[in-house]
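A.B. asks: Sharing data17.txt, compact mmCIF, N, CA and C atoms:
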# COMPACT_ATOMS: atom_id res chain seq x y z
N MET A 1233 122.71 40.40 103.20
CA MET A 1233 121.62 41.26 102.80
C MET A 1233 120.36 40.89 103.60
N ALA A 1234 119.64 41.90 104.06
CA ALA A 1234 118.45 41.68 104.86
C ALA A 1234 117.28 41.22 103.99
N PRO A 1235 116.39 40.40 104.55
CA PRO A 1235 115.20 40.00 103.80
C PRO A 1235 114.39 41.25 103.43
N PRO A 1236 113.70 41.18 102.31
CA PRO A 1236 113.00 42.38 101.84
C PRO A 1236 111.72 42.72 102.59
N HIS A 1237 111.16 41.81 103.35
CA HIS A 1237 109.87 42.05 104.00
C HIS A 1237 109.98 41.87 105.51
N ARG A 1238 109.21 42.69 106.24
CA ARG A 1238 109.19 42.62 107.70
C ARG A 1238 107.77 42.32 108.17
N VAL A 1239 107.67 41.39 109.13
CA VAL A 1239 106.39 41.06 109.74
C VAL A 1239 106.51 41.22 111.24
N LEU A 1240 105.48 41.78 111.85
CA LEU A 1240 105.43 41.97 113.29
C LEU A 1240 104.25 41.17 113.83
N PHE A 1241 104.54 40.26 114.76
CA PHE A 1241 103.50 39.46 115.41
C PHE A 1241 103.17 40.11 116.75
N LEU A 1242 101.88 40.36 116.98
CA LEU A 1242 101.44 41.01 118.20
C LEU A 1242 100.51 40.12 118.99
N CYS A 1243 100.68 40.14 120.31
CA CYS A 1243 99.73 39.52 121.22
C CYS A 1243 99.76 40.33 122.51
N THR A 1244 99.19 39.80 123.54
CA THR A 1244 99.11 40.55 124.79
C THR A 1244 100.43 40.49 125.56
N GLY A 1245 100.86 39.28 125.93
CA GLY A 1245 102.01 39.14 126.81
C GLY A 1245 103.35 39.01 126.12
N ASN A 1246 103.35 38.68 124.83
CA ASN A 1246 104.59 38.44 124.08
C ASN A 1246 105.49 37.43 124.79
N SER A 1247 104.86 36.36 125.26
CA SER A 1247 105.64 35.32 125.94
C SER A 1247 105.54 33.95 125.26
N ALA A 1248 104.54 33.76 124.40
CA ALA A 1248 104.35 32.42 123.82
C ALA A 1248 104.02 32.48 122.33
N ARG A 1249 102.78 32.79 121.97
CA ARG A 1249 102.34 32.70 120.57
C ARG A 1249 103.15 33.59 119.64
N SER A 1250 103.25 34.86 119.96
CA SER A 1250 103.99 35.77 119.07
C SER A 1250 105.47 35.43 119.04
N GLN A 1251 106.00 34.95 120.16
CA GLN A 1251 107.40 34.53 120.20
C GLN A 1251 107.64 33.32 119.30
N MET A 1252 106.71 32.35 119.36
CA MET A 1252 106.87 31.17 118.52
C MET A 1252 106.75 31.54 117.04
N ALA A 1253 105.82 32.44 116.71
CA ALA A 1253 105.67 32.87 115.32
C ALA A 1253 106.95 33.56 114.84
N GLU A 1254 107.50 34.44 115.65
CA GLU A 1254 108.75 35.13 115.30
C GLU A 1254 109.86 34.13 115.04
N ALA A 1255 110.03 33.19 115.95
CA ALA A 1255 111.12 32.22 115.83
C ALA A 1255 110.95 31.31 114.61
N ILE A 1256 109.75 30.86 114.36
CA ILE A 1256 109.50 29.95 113.23
C ILE A 1256 109.77 30.66 111.92
N VAL A 1257 109.27 31.89 111.77
CA VAL A 1257 109.50 32.62 110.52
C VAL A 1257 110.98 32.92 110.33
N ASN A 1258 111.65 33.38 111.37
CA ASN A 1258 113.07 33.69 111.23
C ASN A 1258 113.91 32.46 110.96
N HIS A 1259 113.45 31.31 111.40
CA HIS A 1259 114.18 30.06 111.16
C HIS A 1259 113.88 29.48 109.77
N ARG A 1260 112.62 29.51 109.37
CA ARG A 1260 112.21 28.81 108.15
C ARG A 1260 112.02 29.70 106.92
N MET A 1261 111.87 31.00 107.12
CA MET A 1261 111.55 31.88 105.98
C MET A 1261 112.47 33.09 105.93
N ALA A 1262 113.65 32.96 106.46
CA ALA A 1262 114.58 34.10 106.57
C ALA A 1262 115.00 34.67 105.23
N ASP A 1263 114.85 33.90 104.16
CA ASP A 1263 115.22 34.42 102.84
C ASP A 1263 114.23 35.49 102.36
N ALA A 1264 113.00 35.45 102.84
CA ALA A 1264 111.97 36.39 102.38
C ALA A 1264 111.45 37.32 103.47
N TRP A 1265 111.57 36.92 104.75
CA TRP A 1265 110.96 37.68 105.84
C TRP A 1265 111.90 37.83 107.02
N LYS A 1266 111.79 38.95 107.68
CA LYS A 1266 112.41 39.16 109.00
C LYS A 1266 111.24 39.38 109.94
N ALA A 1267 111.14 38.54 110.96
CA ALA A 1267 110.02 38.60 111.89
C ALA A 1267 110.43 39.24 113.21
N TYR A 1268 109.46 39.93 113.79
CA TYR A 1268 109.60 40.55 115.11
C TYR A 1268 108.33 40.21 115.89
N SER A 1269 108.38 40.36 117.20
CA SER A 1269 107.18 40.15 118.01
C SER A 1269 107.14 41.15 119.14
N ALA A 1270 105.92 41.43 119.60
CA ALA A 1270 105.74 42.38 120.70
C ALA A 1270 104.40 42.12 121.37
N GLY A 1271 104.21 42.75 122.52
CA GLY A 1271 102.95 42.60 123.26
C GLY A 1271 102.44 43.93 123.77
N THR A 1272 101.14 43.97 124.00
CA THR A 1272 100.54 45.18 124.56
C THR A 1272 100.85 45.32 126.04
N HIS A 1273 100.99 44.19 126.71
CA HIS A 1273 101.35 44.14 128.13
C HIS A 1273 102.41 43.04 128.29
N PRO A 1274 103.64 43.30 127.83
CA PRO A 1274 104.66 42.24 127.85
C PRO A 1274 104.92 41.69 129.25
N THR A 1275 105.08 40.38 129.30
CA THR A 1275 105.31 39.71 130.57
C THR A 1275 106.73 39.93 131.10
N GLY A 1276 107.64 40.25 130.19
CA GLY A 1276 109.03 40.42 130.61
C GLY A 1276 109.86 39.15 130.45
N PHE A 1277 109.22 38.07 129.98
CA PHE A 1277 109.95 36.81 129.77
C PHE A 1277 109.30 36.02 128.64
N VAL A 1278 110.09 35.13 128.05
CA VAL A 1278 109.55 34.16 127.09
C VAL A 1278 109.26 32.90 127.88
N HIS A 1279 108.06 32.37 127.72
CA HIS A 1279 107.64 31.21 128.49
C HIS A 1279 108.59 30.03 128.24
N PRO A 1280 109.08 29.40 129.30
CA PRO A 1280 110.01 28.27 129.13
C PRO A 1280 109.44 27.12 128.30
N LEU A 1281 108.14 26.90 128.36
CA LEU A 1281 107.55 25.82 127.55
C LEU A 1281 107.48 26.20 126.08
N ALA A 1282 107.40 27.48 125.77
CA ALA A 1282 107.48 27.92 124.37
C ALA A 1282 108.88 27.64 123.83
N ILE A 1283 109.88 27.98 124.61
CA ILE A 1283 111.27 27.72 124.21
C ILE A 1283 111.50 26.21 124.04
N ARG A 1284 110.96 25.43 124.95
CA ARG A 1284 111.11 23.97 124.88
C ARG A 1284 110.40 23.40 123.65
N ALA A 1285 109.19 23.88 123.37
CA ALA A 1285 108.45 23.39 122.20
C ALA A 1285 109.17 23.74 120.90
N LEU A 1286 109.77 24.92 120.85
CA LEU A 1286 110.54 25.30 119.66
C LEU A 1286 111.79 24.44 119.51
N LYS A 1287 112.46 24.18 120.62
CA LYS A 1287 113.68 23.38 120.59
C LYS A 1287 113.40 21.97 120.07
N GLU A 1288 112.21 21.45 120.37
CA GLU A 1288 111.84 20.12 119.89
C GLU A 1288 111.80 20.03 118.37
N ILE A 1289 111.59 21.16 117.70
CA ILE A 1289 111.57 21.14 116.23
C ILE A 1289 112.83 21.79 115.65
N GLY A 1290 113.87 21.87 116.47
CA GLY A 1290 115.17 22.31 115.99
C GLY A 1290 115.38 23.82 115.95
N ILE A 1291 114.56 24.56 116.68
CA ILE A 1291 114.69 26.02 116.68
C ILE A 1291 115.16 26.48 118.05
N GLU A 1292 116.36 27.05 118.07
CA GLU A 1292 116.89 27.67 119.28
C GLU A 1292 116.41 29.11 119.28
N HIS A 1293 115.67 29.50 120.29
CA HIS A 1293 115.12 30.86 120.34
C HIS A 1293 115.58 31.56 121.60
N ALA A 1294 116.18 32.71 121.42
CA ALA A 1294 116.65 33.51 122.54
C ALA A 1294 115.92 34.85 122.55
N GLY A 1295 114.62 34.81 122.33
CA GLY A 1295 113.83 36.03 122.27
C GLY A 1295 113.66 36.67 123.62
N GLU A 1296 113.13 37.89 123.57
CA GLU A 1296 112.80 38.59 124.80
C GLU A 1296 111.43 39.21 124.63
N SER A 1297 110.72 39.35 125.73
CA SER A 1297 109.39 39.94 125.71
C SER A 1297 109.53 41.46 125.52
N LYS A 1298 108.84 41.99 124.48
CA LYS A 1298 109.01 43.40 124.13
C LYS A 1298 107.65 44.09 124.03
N SER A 1299 107.65 45.39 124.23
CA SER A 1299 106.44 46.19 124.13
C SER A 1299 106.20 46.61 122.68
N VAL A 1300 104.93 46.68 122.30
CA VAL A 1300 104.57 47.14 120.97
C VAL A 1300 105.06 48.57 120.74
N ALA A 1301 105.17 49.35 121.79
CA ALA A 1301 105.61 50.74 121.66
C ALA A 1301 107.00 50.84 121.02
N SER A 1302 107.82 49.85 121.23
CA SER A 1302 109.18 49.90 120.68
C SER A 1302 109.22 49.68 119.17
N PHE A 1303 108.08 49.33 118.57
CA PHE A 1303 108.02 49.08 117.13
C PHE A 1303 107.18 50.10 116.37
N ARG A 1304 106.64 51.08 117.06
CA ARG A 1304 105.74 52.06 116.42
C ARG A 1304 106.39 52.78 115.24
N GLU A 1305 107.66 53.07 115.32
CA GLU A 1305 108.33 53.82 114.26
C GLU A 1305 109.02 52.93 113.23
N MET A 1306 109.07 51.64 113.47
CA MET A 1306 109.73 50.74 112.54
C MET A 1306 108.78 50.40 111.38
N PRO A 1307 109.22 50.60 110.15
CA PRO A 1307 108.35 50.23 109.04
C PRO A 1307 108.23 48.71 108.92
N VAL A 1308 107.00 48.24 108.83
CA VAL A 1308 106.74 46.81 108.62
C VAL A 1308 105.79 46.67 107.45
N ASP A 1309 105.84 45.52 106.81
CA ASP A 1309 104.97 45.24 105.68
C ASP A 1309 103.66 44.60 106.11
N LEU A 1310 103.72 43.85 107.21
CA LEU A 1310 102.55 43.13 107.67
C LEU A 1310 102.57 43.04 109.18
N VAL A 1311 101.41 43.26 109.79
CA VAL A 1311 101.23 43.09 111.23
C VAL A 1311 100.20 41.98 111.41
N VAL A 1312 100.56 40.97 112.21
CA VAL A 1312 99.66 39.84 112.44
C VAL A 1312 99.39 39.75 113.93
N THR A 1313 98.12 39.95 114.31
CA THR A 1313 97.76 39.73 115.71
C THR A 1313 97.47 38.24 115.87
N VAL A 1314 97.96 37.67 116.94
CA VAL A 1314 97.82 36.23 117.17
C VAL A 1314 97.10 35.89 118.46
N CYS A 1315 96.60 36.92 119.16
CA CYS A 1315 95.87 36.64 120.39
C CYS A 1315 94.39 36.45 120.07
N ASP A 1316 93.74 35.59 120.83
CA ASP A 1316 92.35 35.23 120.58
C ASP A 1316 91.41 36.43 120.67
N SER A 1317 91.66 37.33 121.57
CA SER A 1317 90.74 38.46 121.75
C SER A 1317 91.41 39.75 121.27
N ALA A 1318 91.83 39.74 120.02
CA ALA A 1318 92.57 40.87 119.46
C ALA A 1318 91.80 42.18 119.56
N ALA A 1319 90.52 42.14 119.37
CA ALA A 1319 89.73 43.37 119.40
C ALA A 1319 89.79 44.03 120.78
N GLU A 1320 89.93 43.22 121.83
CA GLU A 1320 89.95 43.77 123.18
C GLU A 1320 91.35 43.97 123.73
N GLU A 1321 92.26 43.06 123.42
CA GLU A 1321 93.55 43.08 124.08
C GLU A 1321 94.72 43.53 123.22
N CYS A 1322 94.61 43.41 121.90
CA CYS A 1322 95.71 43.79 121.04
C CYS A 1322 95.41 45.13 120.38
N PRO A 1323 96.43 45.89 120.09
CA PRO A 1323 96.21 47.26 119.62
C PRO A 1323 95.74 47.34 118.18
N VAL A 1324 95.13 48.47 117.88
CA VAL A 1324 94.90 48.83 116.49
C VAL A 1324 96.26 49.31 116.00
N TRP A 1325 96.71 48.78 114.90
CA TRP A 1325 98.04 49.16 114.40
C TRP A 1325 97.91 50.47 113.65
N LEU A 1326 98.62 51.48 114.12
CA LEU A 1326 98.54 52.80 113.51
C LEU A 1326 99.69 53.07 112.55
N GLY A 1327 100.64 52.15 112.49
CA GLY A 1327 101.76 52.33 111.57
C GLY A 1327 101.41 51.88 110.18
N LYS A 1328 102.40 51.95 109.29
CA LYS A 1328 102.20 51.49 107.91
C LYS A 1328 102.22 49.98 107.87
N GLY A 1329 101.69 49.44 106.82
CA GLY A 1329 101.69 47.99 106.64
C GLY A 1329 100.30 47.42 106.77
N MET A 1330 100.09 46.30 106.12
CA MET A 1330 98.82 45.60 106.19
C MET A 1330 98.67 44.97 107.57
N LYS A 1331 97.43 44.75 107.98
CA LYS A 1331 97.17 44.11 109.27
C LYS A 1331 96.18 42.97 109.07
N THR A 1332 96.44 41.86 109.74
CA THR A 1332 95.52 40.74 109.70
C THR A 1332 95.54 40.04 111.06
N HIS A 1333 94.63 39.10 111.23
CA HIS A 1333 94.53 38.40 112.51
C HIS A 1333 94.36 36.90 112.26
N LEU A 1334 95.06 36.11 113.03
CA LEU A 1334 94.89 34.66 113.07
C LEU A 1334 94.67 34.27 114.52
N ASN A 1335 93.68 33.41 114.77
CA ASN A 1335 93.41 32.96 116.14
C ASN A 1335 94.25 31.75 116.49
N PHE A 1336 94.97 31.85 117.59
CA PHE A 1336 95.69 30.72 118.16
C PHE A 1336 95.37 30.68 119.64
N PRO A 1337 95.06 29.50 120.17
CA PRO A 1337 94.78 29.41 121.61
C PRO A 1337 96.03 29.75 122.42
N ASP A 1338 95.82 30.32 123.59
CA ASP A 1338 96.92 30.69 124.46
C ASP A 1338 97.41 29.47 125.23
N PRO A 1339 98.55 28.91 124.86
CA PRO A 1339 99.02 27.72 125.58
C PRO A 1339 99.42 28.03 127.02
N ALA A 1340 99.77 29.26 127.30
CA ALA A 1340 100.16 29.62 128.67
C ALA A 1340 98.98 29.53 129.63
N ALA A 1341 97.76 29.55 129.09
CA ALA A 1341 96.56 29.46 129.93
C ALA A 1341 96.10 28.02 130.13
N ALA A 1342 96.78 27.08 129.50
CA ALA A 1342 96.36 25.67 129.59
C ALA A 1342 96.57 25.13 131.00
N PRO A 1343 95.57 24.43 131.53
CA PRO A 1343 95.71 23.81 132.85
C PRO A 1343 96.40 22.45 132.75
N GLY A 1344 96.68 21.86 133.89
CA GLY A 1344 97.17 20.49 133.91
C GLY A 1344 98.60 20.37 134.37
N THR A 1345 99.10 19.16 134.16
CA THR A 1345 100.48 18.85 134.52
C THR A 1345 101.42 19.56 133.55
N GLU A 1346 102.69 19.54 133.85
CA GLU A 1346 103.66 20.16 132.93
C GLU A 1346 103.59 19.50 131.56
N GLU A 1347 103.45 18.19 131.50
CA GLU A 1347 103.37 17.48 130.23
C GLU A 1347 102.11 17.87 129.47
N GLU A 1348 100.98 18.01 130.16
CA GLU A 1348 99.74 18.44 129.50
C GLU A 1348 99.87 19.88 128.99
N ARG A 1349 100.50 20.71 129.76
CA ARG A 1349 100.72 22.10 129.34
C ARG A 1349 101.68 22.15 128.15
N LEU A 1350 102.72 21.33 128.18
CA LEU A 1350 103.66 21.26 127.05
C LEU A 1350 102.93 20.83 125.78
N GLU A 1351 101.99 19.91 125.92
CA GLU A 1351 101.22 19.47 124.76
C GLU A 1351 100.41 20.64 124.18
N ALA A 1352 99.90 21.52 125.02
CA ALA A 1352 99.19 22.71 124.53
C ALA A 1352 100.15 23.62 123.75
N PHE A 1353 101.37 23.76 124.23
CA PHE A 1353 102.38 24.56 123.51
C PHE A 1353 102.73 23.91 122.18
N ARG A 1354 102.85 22.59 122.17
CA ARG A 1354 103.14 21.89 120.92
C ARG A 1354 102.02 22.10 119.90
N SER A 1355 100.79 21.99 120.36
CA SER A 1355 99.64 22.15 119.48
C SER A 1355 99.61 23.56 118.88
N THR A 1356 99.82 24.56 119.71
CA THR A 1356 99.84 25.94 119.22
C THR A 1356 101.03 26.16 118.29
N ARG A 1357 102.19 25.64 118.65
CA ARG A 1357 103.38 25.74 117.80
C ARG A 1357 103.11 25.15 116.42
N ASP A 1358 102.50 23.96 116.39
CA ASP A 1358 102.24 23.29 115.11
C ASP A 1358 101.24 24.07 114.27
N ALA A 1359 100.22 24.65 114.90
CA ALA A 1359 99.25 25.46 114.17
C ALA A 1359 99.92 26.70 113.59
N ILE A 1360 100.77 27.33 114.37
CA ILE A 1360 101.51 28.50 113.90
C ILE A 1360 102.42 28.11 112.74
N ALA A 1361 103.14 27.00 112.88
CA ALA A 1361 104.08 26.55 111.85
C ALA A 1361 103.37 26.20 110.55
N GLU A 1362 102.11 25.85 110.62
CA GLU A 1362 101.34 25.53 109.42
C GLU A 1362 100.70 26.79 108.82
N GLN A 1363 100.06 27.60 109.64
CA GLN A 1363 99.25 28.71 109.13
C GLN A 1363 100.04 29.97 108.80
N ILE A 1364 101.05 30.30 109.59
CA ILE A 1364 101.80 31.55 109.36
C ILE A 1364 102.56 31.52 108.02
N PRO A 1365 103.30 30.46 107.70
CA PRO A 1365 103.96 30.45 106.39
C PRO A 1365 102.97 30.57 105.22
N GLU A 1366 101.81 29.93 105.34
CA GLU A 1366 100.79 30.05 104.29
C GLU A 1366 100.34 31.50 104.16
N LEU A 1367 100.12 32.15 105.29
CA LEU A 1367 99.70 33.55 105.27
C LEU A 1367 100.77 34.43 104.62
N LEU A 1368 102.02 34.23 104.98
CA LEU A 1368 103.09 35.07 104.44
C LEU A 1368 103.30 34.82 102.95
N LYS A 1369 103.19 33.58 102.51
CA LYS A 1369 103.30 33.29 101.08
C LYS A 1369 102.14 33.93 100.33
N ALA A 1370 100.94 33.86 100.87
CA ALA A 1370 99.78 34.48 100.23
C ALA A 1370 99.94 36.00 100.17
N ALA A 1371 100.50 36.59 101.21
CA ALA A 1371 100.72 38.05 101.22
C ALA A 1371 101.67 38.45 100.11
N LEU A 1372 102.71 37.65 99.90
CA LEU A 1372 103.67 37.95 98.84
C LEU A 1372 103.05 37.76 97.45
N ASN A 1373 102.14 36.82 97.31
CA ASN A 1373 101.55 36.51 96.02
C ASN A 1373 100.28 37.28 95.72
N SER A 1374 99.80 38.03 96.71
CA SER A 1374 98.55 38.76 96.56
C SER A 1374 98.65 39.82 95.47
N LYS A 1375 97.59 39.92 94.68
CA LYS A 1375 97.56 40.95 93.64
C LYS A 1375 97.59 42.34 94.28
N SER A 1376 96.89 42.48 95.42
CA SER A 1376 96.94 43.77 96.10
C SER A 1376 98.32 43.97 96.72
N GLY A 1377 98.96 42.85 97.00
CA GLY A 1377 100.35 42.86 97.46
C GLY A 1377 100.62 43.63 98.73
N LEU A 1378 101.84 43.65 99.10
CA LEU A 1378 102.29 44.40 100.25
C LEU A 1378 102.67 45.79 99.79
N SER A 1379 102.41 46.76 100.62
CA SER A 1379 102.79 48.13 100.24
C SER A 1379 104.25 48.34 100.64
N LEU A 1380 105.11 48.06 99.71
CA LEU A 1380 106.55 48.14 99.98
C LEU A 1380 107.12 49.48 99.56
Take the structure I supplied and represent it as structure tokens, if you would.

C.D. replies:
Amino acid sequence: MAPPHRVLFLCTGNSARSQMAEAIVNHRMADAWKAYSAGTHPTGFVHPLAIRALKEIGIEHAGESKSVASFREMPVDLVVTVCDSAAEECPVWLGKGMKTHLNFPDPAAAPGTEEERLEAFRSTRDAIAEQIPELLKAALNSKSGLSL
């Protein structure tokens, strides 16, 4: 049986932050949520350091970079933008479902050695793993609730 709630994570490239959010929710909260991710300008790939950072916490992710257009007709309960400049780079969601925004730094933009860049991915992964489950639990417990 499919989880009763759907969440869509949006960012610009759909290569790191939204991919990590999708993978974490599908791995840790699959009993209550089915997560998807998309981008306004998809890169066409999932960043290898995002995959590596997820693997370090036991999550095998075989995602693909997808366009937000492919989800316009899919009913979702919640849309979460995860890019820092959502007002400029992420779309206004015109479909059904609540919309909210959480700021996460773009680890793909981090400078430095591969190890320093991986640390940026770890930091963003950990912030997502802490904040997204709290947001989804609050959405389920909200008196205004999700429009299901």

A.B. asks: So, with all atoms listed in the file as the atoms that count, which of A:Ile1360, A:Ile1283, A:Ala1342, A:Val1239 lies closest to Ala1267 (chain A)?

C.D. replies: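 Answer, going by the shortest atom-to-atom distance: A:Val1239.
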
A.B. asks: Go through A:Met1330, A:Ala1341, A:Ser1247, A:Phe1336 one by one, measure the shortest atom-to-atom distance of each to Ala1282 (chain A) using only N, CA and C atoms, and give the residue with the smallest value.

C.D. replies: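 Between A:Met1330, A:Ala1341, A:Ser1247, A:Phe1336, the residue approaching Ala1282 (chain A) most closely is A:Ser1247.
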
A.B. asks: Can you list every residue in region 1284-1321 of chain A that DSSP puts in alpha helix (DSSP H), as a ChimeraX atom specification?

C.D. replies: /A:1284-1288,1318-1321

A.B. asks: As a PyMOL selection string, please: every residue in region 1274-1365 of chain A that a backbone DSSP assignment puts in strand (DSSP E).

C.D. replies: chain A and resi 1310-1313+1330-1333

A.B. asks: Tell me which of A:Ala1248, A:Leu1242, A:Val1314, A:Val1257 sits closest to Val1300 (chain A), counting only N, CA and C atoms.

C.D. replies: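 That would be A:Leu1242, the residue with the smallest distance to Val1300 (chain A).
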
A.B. asks: Calculate how many Å separate atom N of Asp1263 (chain A) from atom N of Thr1275 (chain A), rounding to one decimal.

C.D. replies: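 Value for the atom N of Asp1263 (chain A)-atom N of Thr1275 (chain A) distance: 27.7 Å.
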
A.B. asks: Neighbouring residues of His1237 (chain A) were defined as those with any atom within 6 Å, considering all atoms listed in the file; residues of the same chain fewer than 3 positions away were excluded. Please report them as a list of chain:residue names.

C.D. replies: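 So, after excluding close chain neighbours, the residues are A:Ala1264, A:Trp1265, A:Lys1266, A:Asp1309.
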
A.B. asks: Go ahead and save the picked residues with N, CA and C atoms, as a compact mmCIF listing (two decimals), keeping the file's coordinate frame.

C.D. replies:
# COMPACT_ATOMS: atom_id res chain seq x y z
N ALA A 1264 113.00 35.45 102.84
CA ALA A 1264 111.97 36.39 102.38
C ALA A 1264 111.45 37.32 103.47
N TRP A 1265 111.57 36.92 104.75
CA TRP A 1265 110.96 37.68 105.84
C TRP A 1265 111.90 37.83 107.02
N LYS A 1266 111.79 38.95 107.68
CA LYS A 1266 112.41 39.16 109.00
C LYS A 1266 111.24 39.38 109.94
N ASP A 1309 105.84 45.52 106.81
CA ASP A 1309 104.97 45.24 105.68
C ASP A 1309 103.66 44.60 106.11

A.B. asks: Which is closer to Ser1250 (chain A) than all the others in A:Glu1362, A:Gly1276, A:Arg1349, A:Tyr1268, using all atoms listed in the file?

C.D. replies: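 Closest to Ser1250 (chain A), using all atoms listed in the file: A:Tyr1268.
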
A.B. asks: Quick one: pull the distance between atom C of Thr1345 (chain A) and atom N of Glu1288 (chain A), Å, one decimal.

C.D. replies: 17.1 Å

A.B. asks: Which residue out of A:Ala1359, A:Cys1315, A:Ala1370, A:Leu1350 has the minimum interatomic distance to Ala1285 (chain A) when only N, CA and C atoms are used?

C.D. replies: A:Leu1350

A.B. asks: With 7 Å as the threshold, what does the neighbourhood of (103.8, 35.5, 117.8) contain in terms of residues, counting only N, CA and C atoms? Coordinates are those of the file; answer as a PyMOL selection string.

C.D. replies: chain A and resi 1240-1243+1246+1248-1255+1268-1270+1314

A.B. asks: Rounded to one decimal, what separation in Å do you get between atom C of Arg1260 (chain A) and atom N of Lys1369 (chain A)?

C.D. replies: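 Computing it gives 10.6 Å between the two atoms.
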
A.B. asks: Between A:Lys1287, A:Glu1351, A:Thr1272, A:Ala1371, which has the minimum distance to Ser1299 (chain A) (counting only C-alpha atoms)?

C.D. replies: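 Smallest separation from Ser1299 (chain A) among the options: A:Thr1272.
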